[in-house]
>>> print(open('entry_1.txt').read())   # compact mmCIF, C-alpha atoms
# COMPACT_ATOMS: atom_id res chain seq x y z
CA MET A 8 -7.08 2.23 -53.98
CA MET A 9 -4.58 -0.10 -52.34
CA ILE A 10 -4.68 1.65 -48.97
CA GLN A 11 -8.50 1.66 -48.89
CA VAL A 12 -8.63 -2.10 -49.41
CA PHE A 13 -5.93 -2.73 -46.84
CA LEU A 14 -7.55 -0.53 -44.16
CA SER A 15 -11.01 -1.91 -44.83
CA ALA A 16 -9.75 -5.48 -44.47
CA LEU A 17 -8.09 -4.63 -41.16
CA LEU A 18 -11.24 -2.95 -39.86
CA ALA A 19 -13.32 -5.95 -40.94
CA VAL A 20 -11.06 -8.30 -39.00
CA VAL A 21 -11.30 -6.13 -35.86
CA ALA A 22 -15.09 -5.86 -36.26
CA ALA A 23 -15.35 -9.64 -36.53
CA MET A 24 -13.23 -10.12 -33.41
CA ILE A 25 -15.32 -7.65 -31.44
CA GLY A 26 -18.61 -8.99 -32.78
CA LEU A 27 -17.81 -12.63 -32.03
CA GLN A 28 -16.50 -12.35 -28.46
CA ARG A 29 -18.91 -12.19 -25.55
CA THR A 30 -16.76 -11.04 -22.64
CA THR A 31 -17.41 -7.29 -22.93
CA SER A 32 -20.81 -5.73 -22.48
CA ARG A 33 -23.16 -5.29 -25.45
CA LEU A 34 -22.93 -1.50 -25.15
CA VAL A 35 -19.14 -1.48 -25.42
CA ARG A 36 -19.20 -3.87 -28.40
CA LEU A 37 -21.85 -1.76 -30.15
CA SER A 38 -19.86 1.47 -29.57
CA VAL A 39 -16.71 -0.07 -31.00
CA LEU A 40 -18.61 -1.36 -34.04
CA VAL A 41 -20.05 2.13 -34.66
CA VAL A 42 -16.55 3.65 -34.47
CA ILE A 43 -15.31 1.02 -36.94
CA ALA A 44 -18.23 1.68 -39.31
CA VAL A 45 -17.55 5.44 -39.26
CA GLY A 46 -13.84 4.75 -39.83
CA ALA A 47 -14.61 2.50 -42.79
CA TYR A 48 -16.87 5.15 -44.30
CA PHE A 49 -14.14 7.81 -44.03
CA VAL A 50 -11.60 5.43 -45.59
CA TRP A 51 -13.67 5.44 -48.77
CA ASP A 52 -14.85 9.05 -48.57
CA PRO A 53 -12.02 11.12 -47.04
CA GLU A 54 -13.42 14.38 -48.44
CA ARG A 55 -16.43 13.96 -46.17
CA SER A 56 -14.16 13.74 -43.14
CA THR A 57 -12.41 16.95 -44.22
CA LEU A 58 -15.77 18.71 -44.52
CA LEU A 59 -16.62 17.55 -41.00
CA ALA A 60 -13.23 18.64 -39.72
CA GLU A 61 -13.52 22.10 -41.27
CA SER A 62 -16.94 22.58 -39.70
CA LEU A 63 -15.28 21.86 -36.32
CA GLY A 64 -12.39 24.24 -36.98
CA VAL A 65 -9.78 21.59 -37.86
CA GLY A 66 -7.90 21.83 -41.17
CA ARG A 67 -7.95 18.24 -42.46
CA GLY A 68 -9.98 15.12 -41.81
CA ALA A 69 -6.85 13.12 -41.05
CA ASP A 70 -5.93 15.65 -38.34
CA LEU A 71 -9.38 15.38 -36.78
CA VAL A 72 -9.03 11.59 -36.65
CA LEU A 73 -5.58 11.94 -35.09
CA TYR A 74 -6.82 14.30 -32.35
CA LEU A 75 -9.75 12.05 -31.50
CA TRP A 76 -7.38 9.08 -31.43
CA VAL A 77 -5.08 10.78 -28.93
CA VAL A 78 -7.97 11.68 -26.62
CA LEU A 79 -9.50 8.20 -26.78
CA THR A 80 -6.12 6.56 -26.11
CA LEU A 81 -5.47 8.71 -23.06
CA ALA A 82 -8.93 7.92 -21.69
CA LEU A 83 -8.27 4.23 -22.30
CA ILE A 84 -4.93 4.37 -20.44
CA VAL A 85 -6.57 5.98 -17.39
CA PHE A 86 -9.40 3.45 -17.51
CA LEU A 87 -6.99 0.51 -17.70
CA TYR A 88 -4.81 1.95 -14.92
CA LEU A 89 -7.77 2.25 -12.55
CA LYS A 90 -8.87 -1.25 -13.53
CA ILE A 91 -5.42 -2.60 -12.62
CA VAL A 92 -5.55 -0.85 -9.25
CA ARG A 93 -8.98 -2.38 -8.56
CA LEU A 94 -7.72 -5.82 -9.58
CA SER A 95 -4.70 -5.55 -7.30
CA ARG A 96 -6.99 -4.63 -4.40
CA LYS A 97 -8.92 -7.83 -5.00
CA LEU A 98 -5.66 -9.73 -5.13
CA THR A 99 -4.69 -8.18 -1.81
CA GLN A 100 -7.95 -9.30 -0.21
CA LEU A 101 -7.48 -12.82 -1.51
CA THR A 102 -3.85 -13.01 -0.36
CA ARG A 103 -4.82 -11.67 3.07
CA ALA A 104 -7.61 -14.21 3.43
CA VAL A 105 -5.20 -17.04 2.59
CA ALA A 106 -2.63 -15.70 5.06
CA LEU A 107 -5.11 -15.33 7.92
CA ALA A 108 -6.57 -18.79 7.32
CA HIS A 109 -3.21 -20.45 8.03
CA PRO A 110 -1.39 -18.83 10.94
CA GLN A 111 1.73 -20.70 12.08
CA THR A 112 2.68 -20.73 15.73
CA PRO A 113 5.97 -21.95 17.18
CA ASP A 114 4.00 -25.00 18.45
CA ASN A 115 2.50 -26.06 15.13
CA ALA A 116 5.49 -25.02 12.99
CA GLY A 117 5.94 -27.42 10.11
CA GLU A 118 2.26 -28.22 9.85
CA SER A 119 0.38 -26.54 7.10
CA SER A 120 -2.30 -24.87 9.23
CA MET B 6 0.45 3.48 36.36
CA ASP B 7 1.61 1.17 39.10
CA GLU B 8 4.11 -1.62 38.65
CA THR B 9 1.61 -4.45 38.15
CA ALA B 10 -0.51 -2.72 35.53
CA GLN B 11 2.36 -2.45 33.06
CA PRO B 12 2.96 -6.09 32.21
CA LEU B 13 -0.81 -6.60 31.99
CA ALA B 14 -1.10 -3.98 29.26
CA ARG B 15 1.79 -5.62 27.45
CA ALA B 16 0.09 -9.01 27.68
CA ARG B 17 -2.99 -7.44 26.08
CA THR B 18 -0.90 -6.01 23.26
CA TRP B 19 -0.16 -7.64 19.90
CA VAL B 20 2.89 -6.36 18.08
CA VAL B 21 2.65 -6.51 14.28
CA MET B 22 5.97 -6.92 12.49
CA PRO B 23 5.85 -6.82 8.69
CA ALA B 24 8.79 -8.65 7.12
CA PHE B 25 10.11 -9.26 3.63
CA HIS B 26 13.43 -11.08 3.26
CA GLU B 27 14.55 -10.42 6.83
CA ALA B 28 15.88 -13.89 7.66
CA GLN B 29 19.24 -12.44 8.75
CA VAL B 30 17.84 -10.30 11.55
CA ILE B 31 14.27 -11.27 12.34
CA ARG B 32 14.94 -13.92 14.96
CA ARG B 33 16.89 -11.41 17.01
CA SER B 34 14.26 -8.68 16.54
CA VAL B 35 11.48 -11.04 17.64
CA THR B 36 13.44 -12.40 20.61
CA GLU B 37 14.23 -8.92 21.91
CA LEU B 38 10.67 -7.80 21.47
CA ARG B 39 9.35 -10.86 23.29
CA THR B 40 11.33 -10.03 26.43
CA GLN B 41 8.68 -7.34 26.99
CA PHE B 42 5.79 -8.24 24.69
CA PRO B 43 4.67 -11.88 24.61
CA ASN B 44 2.40 -11.51 21.58
CA VAL B 45 4.24 -10.89 18.33
CA VAL B 46 2.81 -11.60 14.88
CA VAL B 47 5.21 -11.53 11.97
CA VAL B 48 3.55 -11.01 8.61
CA ASP B 49 5.86 -12.66 6.12
CA ASP B 50 5.12 -10.75 2.93
CA GLY B 51 5.93 -13.50 0.45
CA SER B 52 9.62 -13.91 1.32
CA HIS B 53 11.65 -16.56 -0.51
CA ASP B 54 14.20 -16.86 2.29
CA ALA B 55 13.84 -18.33 5.79
CA THR B 56 12.09 -15.28 7.27
CA ALA B 57 9.09 -17.29 8.47
CA GLU B 58 11.18 -20.10 10.00
CA GLU B 59 13.46 -17.61 11.76
CA ALA B 60 10.49 -15.68 13.13
CA LEU B 61 8.92 -18.90 14.43
CA ALA B 62 12.22 -19.82 16.04
CA GLY B 63 12.16 -16.46 17.80
CA GLY B 64 8.72 -17.29 19.20
CA ALA B 65 6.46 -15.24 16.94
CA VAL B 66 3.21 -16.29 15.34
CA VAL B 67 3.63 -16.11 11.56
CA VAL B 68 1.07 -15.40 8.88
CA ARG B 69 2.34 -15.69 5.34
CA HIS B 70 1.23 -13.80 2.28
CA PRO B 71 1.58 -16.28 -0.60
CA LEU B 72 2.52 -13.27 -2.76
CA ASN B 73 4.60 -10.18 -2.04
CA LEU B 74 2.15 -7.31 -1.69
CA GLY B 75 4.06 -4.60 0.19
CA GLN B 76 4.46 -3.27 3.68
CA GLY B 77 1.08 -1.52 3.83
CA ALA B 78 -0.76 -4.73 2.99
CA ALA B 79 1.31 -6.66 5.53
CA LEU B 80 0.45 -4.17 8.27
CA GLN B 81 -3.26 -4.39 7.52
CA THR B 82 -3.10 -8.20 7.58
CA GLY B 83 -1.29 -8.12 10.92
CA ILE B 84 -3.77 -5.65 12.40
CA GLN B 85 -6.69 -7.85 11.36
CA PHE B 86 -4.96 -10.86 12.86
CA ALA B 87 -4.40 -9.00 16.13
CA LEU B 88 -8.02 -7.86 16.29
CA ALA B 89 -9.18 -11.43 15.69
CA ARG B 90 -7.00 -12.54 18.60
CA GLY B 91 -8.75 -10.02 20.85
CA ALA B 92 -5.90 -7.56 21.29
CA ASP B 93 -6.66 -4.41 23.31
CA PHE B 94 -3.62 -2.59 21.97
CA ILE B 95 -1.93 -3.08 18.61
CA ALA B 96 1.61 -1.93 17.91
CA THR B 97 3.63 -1.85 14.69
CA PHE B 98 7.35 -2.48 14.79
CA ASP B 99 9.91 -2.82 12.00
CA ALA B 100 11.71 -6.12 11.56
CA ASP B 101 15.11 -4.72 10.59
CA GLY B 102 16.30 -3.76 14.06
CA GLN B 103 15.94 0.02 13.69
CA HIS B 104 13.42 0.29 16.57
CA HIS B 105 14.02 -0.18 20.29
CA VAL B 106 11.79 -2.20 22.61
CA GLU B 107 12.08 0.40 25.41
CA ASP B 108 10.57 2.98 23.05
CA LEU B 109 7.51 0.78 22.46
CA VAL B 110 7.14 0.33 26.23
CA ALA B 111 7.17 4.14 26.57
CA LEU B 112 4.63 4.58 23.76
CA LEU B 113 2.27 2.06 25.33
CA GLU B 114 2.53 3.82 28.70
CA VAL B 115 1.51 7.10 27.09
CA LEU B 116 -1.44 5.42 25.32
CA GLU B 117 -2.59 3.87 28.60
CA ARG B 118 -2.17 7.01 30.67
CA GLU B 119 -3.72 9.56 28.36
CA PRO B 120 -7.04 9.69 26.49
CA LEU B 121 -5.56 8.88 23.09
CA ASP B 122 -6.37 6.60 20.16
CA ILE B 123 -2.89 6.25 18.69
CA VAL B 124 0.66 7.10 19.73
CA LEU B 125 3.30 7.57 17.05
CA GLY B 126 7.05 7.40 17.36
CA SER B 127 9.00 10.38 16.07
CA ARG B 128 12.67 10.19 15.17
CA PHE B 129 12.89 13.95 14.75
CA ALA B 130 11.52 14.65 18.21
CA GLY B 131 13.88 11.90 19.41
CA ARG B 132 17.15 10.75 17.95
CA ALA B 133 18.05 9.37 14.57
CA GLU B 134 21.36 7.57 14.69
CA GLY B 135 23.33 7.16 11.48
CA LEU B 136 20.86 9.17 9.38
CA SER B 137 22.42 10.55 6.19
CA LEU B 138 21.77 14.13 5.08
CA ALA B 139 20.01 12.98 1.90
CA ARG B 140 17.67 10.73 3.87
CA ARG B 141 16.98 13.49 6.38
CA VAL B 142 16.01 15.90 3.58
CA PHE B 143 13.83 13.22 1.92
CA LEU B 144 12.03 12.40 5.17
CA LYS B 145 11.51 16.08 6.02
CA ALA B 146 10.03 16.67 2.55
CA ALA B 147 7.71 13.73 3.14
CA VAL B 148 6.66 15.19 6.49
CA LEU B 149 5.94 18.55 4.86
CA PHE B 150 3.94 16.88 2.09
CA THR B 151 1.93 14.80 4.55
CA ASN B 152 1.22 17.79 6.79
CA LEU B 153 0.04 19.85 3.83
CA THR B 154 -2.20 17.17 2.33
CA THR B 155 -3.69 15.69 5.49
CA GLY B 156 -3.99 18.67 7.82
CA VAL B 157 -2.45 16.58 10.60
CA ARG B 158 0.71 18.17 11.94
CA LEU B 159 3.47 15.71 12.73
CA THR B 160 7.24 15.93 13.02
CA ASP B 161 7.79 12.46 11.55
CA ALA B 162 5.11 11.03 9.29
CA HIS B 163 6.89 7.86 8.25
CA ASN B 164 7.91 6.10 11.41
CA GLY B 165 7.11 2.40 11.63
CA LEU B 166 6.83 2.44 15.44
CA ARG B 167 3.27 3.09 16.61
CA VAL B 168 0.72 1.74 19.04
CA MET B 169 -3.05 2.14 18.84
CA THR B 170 -6.14 1.00 20.68
CA ALA B 171 -8.24 -1.84 19.25
CA ALA B 172 -11.07 0.64 18.69
CA ALA B 173 -8.80 2.82 16.56
CA ALA B 174 -7.42 -0.21 14.71
CA ARG B 175 -10.94 -1.28 13.78
CA ARG B 176 -11.60 2.12 12.19
CA ILE B 177 -8.30 2.38 10.33
CA GLU B 178 -8.14 0.60 7.00
CA ILE B 179 -4.84 0.60 5.17
CA ARG B 180 -5.55 0.30 1.45
CA GLN B 181 -2.17 1.42 0.16
CA ASP B 182 -0.36 -1.88 -0.26
CA GLN B 183 3.09 -0.39 -0.65
CA MET B 184 4.97 2.43 1.01
CA ALA B 185 2.29 5.10 0.59
CA HIS B 186 0.55 3.51 3.59
CA ALA B 187 2.37 5.80 6.04
CA SER B 188 0.89 8.94 4.48
CA GLU B 189 -2.46 7.19 4.16
CA LEU B 190 -2.47 6.34 7.85
CA VAL B 191 -1.83 9.96 8.79
CA ALA B 192 -4.63 11.05 6.44
CA GLN B 193 -7.00 8.61 8.16
CA ILE B 194 -5.99 9.91 11.59
CA GLY B 195 -7.09 13.33 10.37
CA ARG B 196 -10.26 12.17 8.65
CA LEU B 197 -11.43 9.94 11.49
CA GLY B 198 -10.54 12.57 14.08
CA LEU B 199 -8.38 10.14 16.05
CA ARG B 200 -6.62 11.55 19.12
CA PHE B 201 -2.91 11.15 18.52
CA LYS B 202 0.37 12.08 20.09
CA GLU B 203 3.97 11.86 18.95
CA VAL B 204 6.54 10.51 21.35
CA PRO B 205 10.30 10.78 20.76
CA VAL B 206 11.94 7.49 19.81
CA THR B 207 15.41 6.50 18.73
CA ILE B 208 15.93 5.05 15.28
CA THR B 209 19.20 3.25 14.76
CA TYR B 210 20.25 3.16 11.14
CA SER B 211 22.55 0.24 10.54
CA PRO B 212 24.07 -0.55 7.15
CA TYR B 213 21.55 -3.41 7.04
CA SER B 214 18.49 -1.25 7.67
CA VAL B 215 19.63 1.42 5.20
CA GLN B 216 20.21 -1.18 2.50
CA LYS B 217 16.79 -2.74 3.24
CA GLY B 218 15.08 0.64 3.50
CA GLN B 219 13.48 2.98 1.03
CA ARG B 220 15.40 4.14 -1.98
CA LEU B 221 14.98 7.88 -2.16
CA SER B 222 13.65 7.57 -5.72
CA ASN B 223 10.64 5.72 -4.34
CA GLY B 224 9.15 9.10 -3.44
CA PHE B 225 7.71 9.38 -6.94
CA ARG B 226 6.20 5.91 -6.72
CA ILE B 227 4.60 6.84 -3.40
CA LEU B 228 3.16 10.03 -4.92
CA SER B 229 1.57 8.17 -7.84
CA ASP B 230 0.14 5.53 -5.46
CA LEU B 231 -1.43 8.29 -3.38
CA VAL B 232 -2.97 9.92 -6.45
CA ALA B 233 -4.46 6.57 -7.51
CA GLY B 234 -5.80 6.12 -3.99
CA TRP B 235 -7.50 9.51 -4.07
CA LEU B 236 -9.06 8.76 -7.47
CA LEU B 237 -10.51 5.49 -6.21
CA ARG B 238 -11.43 6.40 -2.66
>>> encode(input="entry_1.txt", output="structure tokens")
Amino acid sequence: MMIQVFLSALLAVVAAMIGLQRTTSRLVRLSVLVVIAVGAYFVWDPERSTLLAESLGVGRGADLVLYLWVVLTLALIVFLYLKIVRLSRKLTQLTRAVALAHPQTPDNAGESS
Amino acid sequence: MDETAQPLARARTWVVMPAFHEAQVIRRSVTELRTQFPNVVVVDDGSHDATAEEALAGGAVVVRHPLNLGQGAALQTGIQFALARGADFIATFDADGQHHVEDLVALLEVLEREPLDIVLGSRFAGRAEGLSLARRVFLKAAVLFTNLTTGVRLTDAHNGLRVMTAAAARRIEIRQDQMAHASELVAQIGRLGLRFKEVPVTITYSPYSVQKGQRLSNGFRILSDLVAGWLLR
């Protein structure tokens, strides 16, 4: 009983954080909320998750959750990595624009532009 | 080419020199270069030392990245600067003193004389002075990798001494900010169908240039940068 309460409280906090912020798209927020709702359901009815797992050829519900977690995490890492690369390209463009806007020649050395 | 045409081509050339923490040597590099090439732009890639001041003292124009981005980004910035200044030919030249001005003169002559888009220096067709065995093996592996992945056959894929026409420079876009830019450039030569030629040059490895140069372990970093570049092309 203790673990169910603890996990449910944690999921509720995460759901509130996701639901209240407005920086990600509605689709992403909705998907995360659905995942949280399914997780909360399985917390209180683990046998159901085992039934689902067995129908997919996995022994236990907890194992199914673990496998899905690994796959989702890997996908997230790749997504974040590509996002960082895209961000650094924007940073490059900005830095280049600043550099090209202020060339220094031996004649105007010391001035700012 | 007759005697008078040579200096004219040099006057129409901008030499791009990327530099990061090169205050010790850059004034000398710029001064030597400017005996033959009046237009030198040093791209100071966010140095914290006196690189920019020393380059200015040597007579170069300086553009400064407010942040350190990497050599590839500095080259692209310099190329865009040169194009904006109306250069007909654009050369790249390392700041650390490993290249020789006479070699750039020879490269430019080849580019002028023959129907080419870009002329690349090759240390393996020429001479590499003070090159350690480990570095030679690393560079040869890089050449093999670049030849296999780009379909362009070169003897030295990672030489910082090159000269290209303005038309070629406008088509080339270096998007690899760090050291993977050399492989990327070769790949673009292949993809764009640029006419290229390798010309032997001498690279002089000094203790300074070796210490400033690539750590061999950077090969893995370059590989992962290239993979990211392919994913996002």
>>> interface_residues(input="entry_1.txt", of="chain A", to="chain B", cutoff="8 Å", atoms="all atoms listed in the file", output="list in words")
Leu89, Val92, Arg96, Thr99, Thr102, Arg103, Val105, Ala106, Leu107, His109, Pro110, Gln111, Thr112, Pro113 and Ala116 of chain A
>>> residues_around(input="entry_1.txt", residues="A:Val21", least_positions_apart="4", cutoff="9 Å", atoms="all atoms listed in the file", output="short mmCIF file (atom, residue, chain, number, x, y, z; two decimals) with C-alpha atoms, in the coordinates of the input")
data_model
loop_
_atom_site.label_atom_id
_atom_site.label_comp_id
_atom_site.auth_asym_id
_atom_site.auth_seq_id
_atom_site.Cartn_x
_atom_site.Cartn_y
_atom_site.Cartn_z
CA ALA A 16 -9.75 -5.48 -44.47
CA LEU A 17 -8.09 -4.63 -41.16
CA ILE A 25 -15.32 -7.65 -31.44
CA GLY A 26 -18.61 -8.99 -32.78
CA LEU A 40 -18.61 -1.36 -34.04
CA ILE A 43 -15.31 1.02 -36.94
#
>>> atom_distance(input="entry_1.txt", atom1="atom CA of A:Ser15", atom2="atom CA of A:Val85")
28.9 Å
>>> residues_around(input="entry_1.txt", residues="A:Leu71", least_positions_apart="2", cutoff="12 Å", atoms="only C-alpha atoms", output="mmCIF file with C-alpha atoms, in the coordinates of the input")
data_model
loop_
_atom_site.group_PDB
_atom_site.id
_atom_site.type_symbol
_atom_site.label_atom_id
_atom_site.label_comp_id
_atom_site.auth_asym_id
_atom_site.auth_seq_id
_atom_site.Cartn_x
_atom_site.Cartn_y
_atom_site.Cartn_z
ATOM 1 C CA GLY A 46 -13.840 4.750 -39.830
ATOM 2 C CA PHE A 49 -14.140 7.810 -44.030
ATOM 3 C CA PRO A 53 -12.020 11.120 -47.040
ATOM 4 C CA ARG A 55 -16.430 13.960 -46.170
ATOM 5 C CA SER A 56 -14.160 13.740 -43.140
ATOM 6 C CA THR A 57 -12.410 16.950 -44.220
ATOM 7 C CA LEU A 58 -15.770 18.710 -44.520
ATOM 8 C CA LEU A 59 -16.620 17.550 -41.000
ATOM 9 C CA ALA A 60 -13.230 18.640 -39.720
ATOM 10 C CA GLU A 61 -13.520 22.100 -41.270
ATOM 11 C CA SER A 62 -16.940 22.580 -39.700
ATOM 12 C CA LEU A 63 -15.280 21.860 -36.320
ATOM 13 C CA GLY A 64 -12.390 24.240 -36.980
ATOM 14 C CA VAL A 65 -9.780 21.590 -37.860
ATOM 15 C CA GLY A 66 -7.900 21.830 -41.170
ATOM 16 C CA ARG A 67 -7.950 18.240 -42.460
ATOM 17 C CA GLY A 68 -9.980 15.120 -41.810
ATOM 18 C CA ALA A 69 -6.850 13.120 -41.050
ATOM 19 C CA LEU A 73 -5.580 11.940 -35.090
ATOM 20 C CA TYR A 74 -6.820 14.300 -32.350
ATOM 21 C CA LEU A 75 -9.750 12.050 -31.500
ATOM 22 C CA TRP A 76 -7.380 9.080 -31.430
ATOM 23 C CA VAL A 77 -5.080 10.780 -28.930
ATOM 24 C CA VAL A 78 -7.970 11.680 -26.620
#
>>> closest_residue(input="entry_1.txt", among="B:Phe42, B:Trp19, B:Phe150, B:Phe201", to="B:Ala173", atoms="all atoms listed in the file")
B:Phe201
>>> closest_residue(input="entry_1.txt", among="B:Arg176, B:Glu203, B:Arg17, B:Val215", to="B:Asp108", atoms="only C-alpha atoms")
B:Glu203
>>> closest_residue(input="entry_1.txt", among="B:Arg33, B:Arg167, B:His105, B:Arg141", to="B:Lys202", atoms="all atoms listed in the file")
B:Arg167
>>> axis_aligned_box(input="entry_1.txt", around="stretch 68-74 of chain A", padding_each_side="8 Å", output="lines of an AutoDock Vina configuration file")
center_x = -7.8
center_y = 13.6
center_z = -37.1
size_x = 20.4
size_y = 20.1
size_z = 25.5
>>> atom_distance(input="entry_1.txt", atom1="atom CA of A:Leu94", atom2="atom CA of B:Val191")
24.9 Å
>>> atom_distance(input="entry_1.txt", atom1="atom CA of B:Pro12", atom2="atom CA of B:Thr209")
25.6 Å
>>> residues_around(input="entry_1.txt", residues="B:Asn223", least_positions_apart="6", cutoff="12 Å", atoms="all atoms listed in the file", output="mmCIF file with C-alpha atoms, in the frame of the given file")
data_model
loop_
_atom_site.group_PDB
_atom_site.id
_atom_site.type_symbol
_atom_site.label_atom_id
_atom_site.label_comp_id
_atom_site.auth_asym_id
_atom_site.auth_seq_id
_atom_site.Cartn_x
_atom_site.Cartn_y
_atom_site.Cartn_z
ATOM 1 C CA ARG B 140 17.670 10.730 3.870
ATOM 2 C CA PHE B 143 13.830 13.220 1.920
ATOM 3 C CA LEU B 144 12.030 12.400 5.170
ATOM 4 C CA ALA B 147 7.710 13.730 3.140
ATOM 5 C CA GLN B 183 3.090 -0.390 -0.650
ATOM 6 C CA MET B 184 4.970 2.430 1.010
ATOM 7 C CA ALA B 185 2.290 5.100 0.590
ATOM 8 C CA SER B 229 1.570 8.170 -7.840
ATOM 9 C CA ASP B 230 0.140 5.530 -5.460
#
>>> residues_around(input="entry_1.txt", residues="A:Arg36", least_positions_apart="3", cutoff="12 Å", atoms="all atoms listed in the file", output="list in words")
Val21, Ala22, Ala23, Met24, Ile25, Gly26, Leu27, Gln28, Arg29, Thr30, Thr31, Ser32, Arg33, Val39, Leu40, Val41, Val42 and Ile43 of chain A
>>> closest_residue(input="entry_1.txt", among="B:Ala87, B:Ala162, B:Val148, B:Leu80", to="B:Val45", atoms="only C-alpha atoms")
B:Ala87
>>> residues_around(input="entry_1.txt", residues="stretch 120-133 of chain B", least_positions_apart="3", cutoff="9 Å", atoms="all atoms listed in the file", output="PyMOL selection string")
chain B and resi 108-109+112-113+115-117+136+159-174+194+199-210
>>> write_last_selection(input="entry_1.txt", atoms="C-alpha atoms", output="JSON list (two decimals), in the frame of the given file")
[["chain", "number", "residue", "atom", "x", "y", "z"],
["B", 108, "ASP", "CA", 10.57, 2.98, 23.05],
["B", 109, "LEU", "CA", 7.51, 0.78, 22.46],
["B", 112, "LEU", "CA", 4.63, 4.58, 23.76],
["B", 113, "LEU", "CA", 2.27, 2.06, 25.33],
["B", 115, "VAL", "CA", 1.51, 7.10, 27.09],
["B", 116, "LEU", "CA", -1.44, 5.42, 25.32],
["B", 117, "GLU", "CA", -2.59, 3.87, 28.60],
["B", 136, "LEU", "CA", 20.86, 9.17, 9.38],
["B", 159, "LEU", "CA", 3.47, 15.71, 12.73],
["B", 160, "THR", "CA", 7.24, 15.93, 13.02],
["B", 161, "ASP", "CA", 7.79, 12.46, 11.55],
["B", 162, "ALA", "CA", 5.11, 11.03, 9.29],
["B", 163, "HIS", "CA", 6.89, 7.86, 8.25],
["B", 164, "ASN", "CA", 7.91, 6.10, 11.41],
["B", 165, "GLY", "CA", 7.11, 2.40, 11.63],
["B", 166, "LEU", "CA", 6.83, 2.44, 15.44],
["B", 167, "ARG", "CA", 3.27, 3.09, 16.61],
["B", 168, "VAL", "CA", 0.72, 1.74, 19.04],
["B", 169, "MET", "CA", -3.05, 2.14, 18.84],
["B", 170, "THR", "CA", -6.14, 1.00, 20.68],
["B", 171, "ALA", "CA", -8.24, -1.84, 19.25],
["B", 172, "ALA", "CA", -11.07, 0.64, 18.69],
["B", 173, "ALA", "CA", -8.80, 2.82, 16.56],
["B", 174, "ALA", "CA", -7.42, -0.21, 14.71],
["B", 194, "ILE", "CA", -5.99, 9.91, 11.59],
["B", 199, "LEU", "CA", -8.38, 10.14, 16.05],
["B", 200, "ARG", "CA", -6.62, 11.55, 19.12],
["B", 201, "PHE", "CA", -2.91, 11.15, 18.52],
["B", 202, "LYS", "CA", 0.37, 12.08, 20.09],
["B", 203, "GLU", "CA", 3.97, 11.86, 18.95],
["B", 204, "VAL", "CA", 6.54, 10.51, 21.35],
["B", 205, "PRO", "CA", 10.30, 10.78, 20.76],
["B", 206, "VAL", "CA", 11.94, 7.49, 19.81],
["B", 207, "THR", "CA", 15.41, 6.50, 18.73],
["B", 208, "ILE", "CA", 15.93, 5.05, 15.28],
["B", 209, "THR", "CA", 19.20, 3.25, 14.76],
["B", 210, "TYR", "CA", 20.25, 3.16, 11.14]]
